[in-house]
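Structure, as structure tokens:
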Amino acid sequence: MSQRAVTPMSAEAFLEWGLHQESRYELVDGVPVAMAGAKQRHDRIVGSALGMLYNLLRGHKCRHFTADLAVRIPMGNIRRPDAGIDCGPPDDNATTAITPVFVMEVLSPSTHDFDMFGKLEEYKSVPTLAHIVIVDPDTPQVFHWSRSQNEIWRHELLEGLDAVIQLPEVGGTIDLASLYEGLTFRPLPRLVREGDLSV
């Protein structure tokens with residue numbers, strides 16, 4: 001029995017369709033893909049990030065947004081970062097960020113490799129984005145890509161709870177101590193030399 005080809009869904013049709021779904025979806029190559037659930041640890045980091053962004057942007061023209069708001073990728077996909085900043089004009093009926101300048105993704109086992117490579121490259125293609133932050137939930141470290149207007153992307157690995165993400169576009173910072181507040185971490189494996197091993 002032959003399979004019927006699936007007609008790719010347009011971004012506009014997907015965004016309208018998504019308003020009537022109980023779950024969140026992303027649009028990937030014209031096909032709606034359900035977003036995976038998250039563990040409590042992941043959710044706590046996202047909650048901390050959204051709280052910091054809310055406080056940082058009070059009184060500012062830019063606003064924070066959640067995964068309920070989508071980001072359009074120029075090649076046609078629709079993504080829903082865990083947290084973001086939109087500096088476009090307010091539009092209560094918009095389903096996408098108008099002028100996204102910052103997106104954050106918290107890694108999870110099911111999406112780790114794609115978030116670090118495929119989705120990262122998609123975000124880099126969004127003309128207005130100046131910051132892409134990928135958060136490791138298990139170790140206090142974030143991968144931060146940033147660029148100024150018409151410049152190439154720069155990458156830095158920020159490690160430890162004393163590290164700070166600089167966001168000059170909105171005149172503020174996100175500190176890792178607050179991002180990971182209340183969480184504990186497993187000790188990293190300790191390297192030992194062969195001569196140190198007891199027999």
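Following the order of the structure tokens, chains are lettered A, B, ..., residues in each are numbered from 1, and ligands are numbered from 1.
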**Report entry** Those of region 3-198 of chain A in DSSP strand (DSSP E), formatted as number ranges by chain
**Finding:** A: 25-28, 31-34, 63-66, 71-72, 78-79, 83-86, 100-106, 131-136, 141-146, 154-159, 164-167, 172-175
Requested in this report: Find the spatial neighbours of Gly76 (chain A), counting only C-alpha atoms, within a cut-off of 10 Å - ignore same-chain residues fewer than 6 positions away - and output them as an NGL selection string.
Outcome: :A and (9-11 or 27-30 or 122)
Restricted to N, CA and C atoms, what would the selected residues look like written as a PDB file, in the first residue's frame?
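As written to disk, result.pdb reads:
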ATOM      1  N   MET A   9       3.311  22.185   5.662  1.00  0.00           N
ATOM      2  CA  MET A   9       2.472  23.241   6.195  1.00  0.00           C
ATOM      3  C   MET A   9       3.239  24.559   6.137  1.00  0.00           C
ATOM      4  N   SER A  10       2.582  25.621   5.741  1.00  0.00           N
ATOM      5  CA  SER A  10       3.230  26.929   5.728  1.00  0.00           C
ATOM      6  C   SER A  10       3.362  27.447   7.153  1.00  0.00           C
ATOM      7  N   ALA A  11       4.268  28.403   7.359  1.00  0.00           N
ATOM      8  CA  ALA A  11       4.462  28.975   8.686  1.00  0.00           C
ATOM      9  C   ALA A  11       3.182  29.631   9.190  1.00  0.00           C
ATOM     10  N   LEU A  27       7.653  23.880  14.052  1.00  0.00           N
ATOM     11  CA  LEU A  27       7.503  23.513  12.650  1.00  0.00           C
ATOM     12  C   LEU A  27       8.882  23.192  12.099  1.00  0.00           C
ATOM     13  N   VAL A  28       9.061  21.955  11.627  1.00  0.00           N
ATOM     14  CA  VAL A  28      10.351  21.489  11.129  1.00  0.00           C
ATOM     15  C   VAL A  28      10.157  20.947   9.721  1.00  0.00           C
ATOM     16  N   ASP A  29      10.750  21.630   8.757  1.00  0.00           N
ATOM     17  CA  ASP A  29      10.635  21.211   7.351  1.00  0.00           C
ATOM     18  C   ASP A  29       9.178  21.035   6.935  1.00  0.00           C
ATOM     19  N   GLY A  30       8.321  21.932   7.398  1.00  0.00           N
ATOM     20  CA  GLY A  30       6.920  21.903   7.004  1.00  0.00           C
ATOM     21  C   GLY A  30       6.044  20.955   7.789  1.00  0.00           C
ATOM     22  N   GLU A 122      20.345  27.323  13.059  1.00  0.00           N
ATOM     23  CA  GLU A 122      19.104  27.992  12.673  1.00  0.00           C
ATOM     24  C   GLU A 122      18.992  29.355  13.348  1.00  0.00           C
TER      25      GLU A 122
END
For region 180-182 of chain A, list every protein, DNA or RNA residue within 7 Å, evaluated using only C-alpha atoms, and leave out those in the same chain fewer than 3 positions away; present the list as a PDB file with all heavy atoms, in the first residue's frame.
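And here's around14.pdb as it stands now:
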ATOM      1  N   ILE A  45      15.368  26.004  36.043  1.00  0.00           N
ATOM      2  CA  ILE A  45      16.329  26.910  35.390  1.00  0.00           C
ATOM      3  C   ILE A  45      15.590  27.876  34.468  1.00  0.00           C
ATOM      4  O   ILE A  45      15.870  29.084  34.462  1.00  0.00           O
ATOM      5  CB  ILE A  45      17.386  26.102  34.613  1.00  0.00           C
ATOM      6  CG1 ILE A  45      18.240  25.287  35.588  1.00  0.00           C
ATOM      7  CG2 ILE A  45      18.265  27.025  33.766  1.00  0.00           C
ATOM      8  CD1 ILE A  45      19.178  24.303  34.918  1.00  0.00           C
ATOM      9  N   LEU A 176      25.096  33.488  36.603  1.00  0.00           N
ATOM     10  CA  LEU A 176      24.861  32.049  36.696  1.00  0.00           C
ATOM     11  C   LEU A 176      24.436  31.628  38.103  1.00  0.00           C
ATOM     12  O   LEU A 176      23.709  30.649  38.265  1.00  0.00           O
ATOM     13  CB  LEU A 176      26.099  31.276  36.247  1.00  0.00           C
ATOM     14  CG  LEU A 176      26.130  30.904  34.742  1.00  0.00           C
ATOM     15  CD1 LEU A 176      26.130  32.151  33.883  1.00  0.00           C
ATOM     16  CD2 LEU A 176      27.317  30.024  34.424  1.00  0.00           C
ATOM     17  N   ALA A 177      24.874  32.363  39.128  1.00  0.00           N
ATOM     18  CA  ALA A 177      24.465  32.019  40.493  1.00  0.00           C
ATOM     19  C   ALA A 177      22.950  32.089  40.635  1.00  0.00           C
ATOM     20  O   ALA A 177      22.326  31.224  41.267  1.00  0.00           O
ATOM     21  CB  ALA A 177      25.142  32.956  41.488  1.00  0.00           C
TER      22      ALA A 177
END
Contact check, region 80-119 of chain A to region 46-52 of chain A, at most 10 Å, counting only C-alpha atoms, closest pairs as a Markdown table:
| residue | atom | partner | partner_atom | distance |
| --- | --- | --- | --- | --- |
| A:Asp82 | CA | A:Val46 | CA | 6.4 |
| A:Ala83 | CA | A:Leu50 | CA | 6.4 |
| A:Gly84 | CA | A:Leu50 | CA | 8.3 |
| A:Ile85 | CA | A:Leu50 | CA | 9.8 |
| A:Met104 | CA | A:Ala49 | CA | 8.6 |
| A:Glu105 | CA | A:Val46 | CA | 8.5 |
| A:Val106 | CA | A:Val46 | CA | 7.2 |
Report task. Find, counting only C-alpha atoms, the residue in A:Thr95, A:Ile165, A:Arg44, A:Tyr123 that gets nearest to Phe143 (chain A). Result ->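 Smallest distance to Phe143 (chain A) is found for A:Ile165.
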Query raised in the report: Which residues in region 54-177 of chain A does DSSP call alpha helix (DSSP H)? List them as a list in words.
Result: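 Assigned to alpha helix (DSSP H), within region 54-177 of chain A: Tyr54, Asn55, Leu56, Leu57, His112, Asp113, Phe114, Asp115, Met116, Gly118, Lys119, Leu120, Glu121, Glu122, Tyr123, Lys124, Leu176 and Ala177 of chain A.
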